[in-house]
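Following: one structure in structure tokens, then a few remarks.
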Amino acid sequence: MRARSFVFLTALLIAVDAFAQTVQLTSVPKPLPFPEGSAVFQWDYECVGQKGCGFTGFGLDRLTLRSASIVLARFKVGEIEMPTYFFWGTLIDGSPVTGMDQNEFSFRFSTVNMKLIAAGPPGL
């Protein structure tokens, strides 16, 4: 089951990387929420137009987002590799919103009126 999940995630990351525009990734807030040297991949989304944009996942249900970034970090804790998703977003009024999920099987999200503007390994 883990091998199949890993193969699916790898295929998804390659596909996302191929379709993403060549845009600078949003910087990951410091201090980093994961150890340096972790395997990391990032997706950046932004609101399209002036309509309300939304993001659901991480226990969030926001319809007033301006932008959102998701980072998947895989790091070791002892002998266990832990996949962890981090989320940073900016509301229309400029307020920040954040989230985290450490269960790769329950991780789900969707966007409304947002487009993927960049994807790839961040330059940490």
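Residues in the structure tokens are named by chain (A, B, ... in the order shown) and by number from 1 within that chain; ligands are numbered from 1 in the order shown.
Excluding A:Asp44 itself and same-chain residues fewer than 2 positions from it, the residues having an atom within 7 Å of it are Leu25, Thr26, Gln42, Glu46, Ala68, Ser69, Ile70, Leu116, Ile117, Ala118 and Ala119 of chain A, counting only C-alpha atoms.
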Written file, previous selection with N, CA and C atoms, as a PDB file, in the first residue's frame:
```
ATOM      1  N   LEU A  25       8.751  30.387  -6.757  1.00  0.00           N
ATOM      2  CA  LEU A  25       7.941  29.868  -5.657  1.00  0.00           C
ATOM      3  C   LEU A  25       7.918  30.862  -4.509  1.00  0.00           C
ATOM      4  N   THR A  26       6.813  30.887  -3.783  1.00  0.00           N
ATOM      5  CA  THR A  26       6.698  31.712  -2.587  1.00  0.00           C
ATOM      6  C   THR A  26       7.687  31.202  -1.551  1.00  0.00           C
ATOM      7  N   GLN A  42       6.696  21.870  -3.248  1.00  0.00           N
ATOM      8  CA  GLN A  42       5.785  22.984  -2.956  1.00  0.00           C
ATOM      9  C   GLN A  42       4.872  23.275  -4.132  1.00  0.00           C
ATOM     10  N   GLU A  46      -2.954  31.001  -6.622  1.00  0.00           N
ATOM     11  CA  GLU A  46      -3.418  32.367  -6.424  1.00  0.00           C
ATOM     12  C   GLU A  46      -4.835  32.501  -6.949  1.00  0.00           C
ATOM     13  N   ALA A  68      -2.422  30.800  -1.691  1.00  0.00           N
ATOM     14  CA  ALA A  68      -2.194  29.649  -0.817  1.00  0.00           C
ATOM     15  C   ALA A  68      -0.960  28.891  -1.296  1.00  0.00           C
ATOM     16  N   SER A  69      -0.188  28.366  -0.365  1.00  0.00           N
ATOM     17  CA  SER A  69       0.969  27.522  -0.669  1.00  0.00           C
ATOM     18  C   SER A  69       0.863  26.249   0.150  1.00  0.00           C
ATOM     19  N   ILE A  70       1.154  25.117  -0.500  1.00  0.00           N
ATOM     20  CA  ILE A  70       1.178  23.823   0.176  1.00  0.00           C
ATOM     21  C   ILE A  70       2.586  23.276   0.027  1.00  0.00           C
ATOM     22  N   LEU A 116      -3.049  27.098 -10.152  1.00  0.00           N
ATOM     23  CA  LEU A 116      -1.682  26.742  -9.794  1.00  0.00           C
ATOM     24  C   LEU A 116      -0.740  27.649 -10.565  1.00  0.00           C
ATOM     25  N   ILE A 117       0.107  28.392  -9.844  1.00  0.00           N
ATOM     26  CA  ILE A 117       1.014  29.309 -10.526  1.00  0.00           C
ATOM     27  C   ILE A 117       2.461  28.841 -10.504  1.00  0.00           C
ATOM     28  N   ALA A 118       2.795  27.935  -9.563  1.00  0.00           N
ATOM     29  CA  ALA A 118       4.164  27.427  -9.505  1.00  0.00           C
ATOM     30  C   ALA A 118       4.177  26.131  -8.718  1.00  0.00           C
ATOM     31  N   ALA A 119       5.127  25.269  -9.057  1.00  0.00           N
ATOM     32  CA  ALA A 119       5.301  24.009  -8.324  1.00  0.00           C
ATOM     33  C   ALA A 119       6.740  23.568  -8.483  1.00  0.00           C
TER      34      ALA A 119
END
```
Could you name the residues that touch A:Leu65 at 6 Å or less, counting only C-alpha atoms, but leaving out those on the same chain fewer than 5 positions away, as a PyMOL selection string?
chain A and resi 53-54+90-92
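The space between atom CA of A:Asp101 and atom CA of A:Gln24 spans 24.7 Å.
The coordinates place atom CA of A:Pro35 at 14.8 Å from atom CA of A:Gln102.
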Find the spatial neighbours of A:Ser110, counting only C-alpha atoms, within a cut-off of 7 Å - ignore same-chain residues fewer than 3 positions away - and output them as a list in words.
Phe55, Thr56 and Gly57 of chain A
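Nearest to A:Trp43 of all the residues A:Met82, A:Met114, A:Val77, A:Leu72 is A:Leu72, counting only C-alpha atoms.
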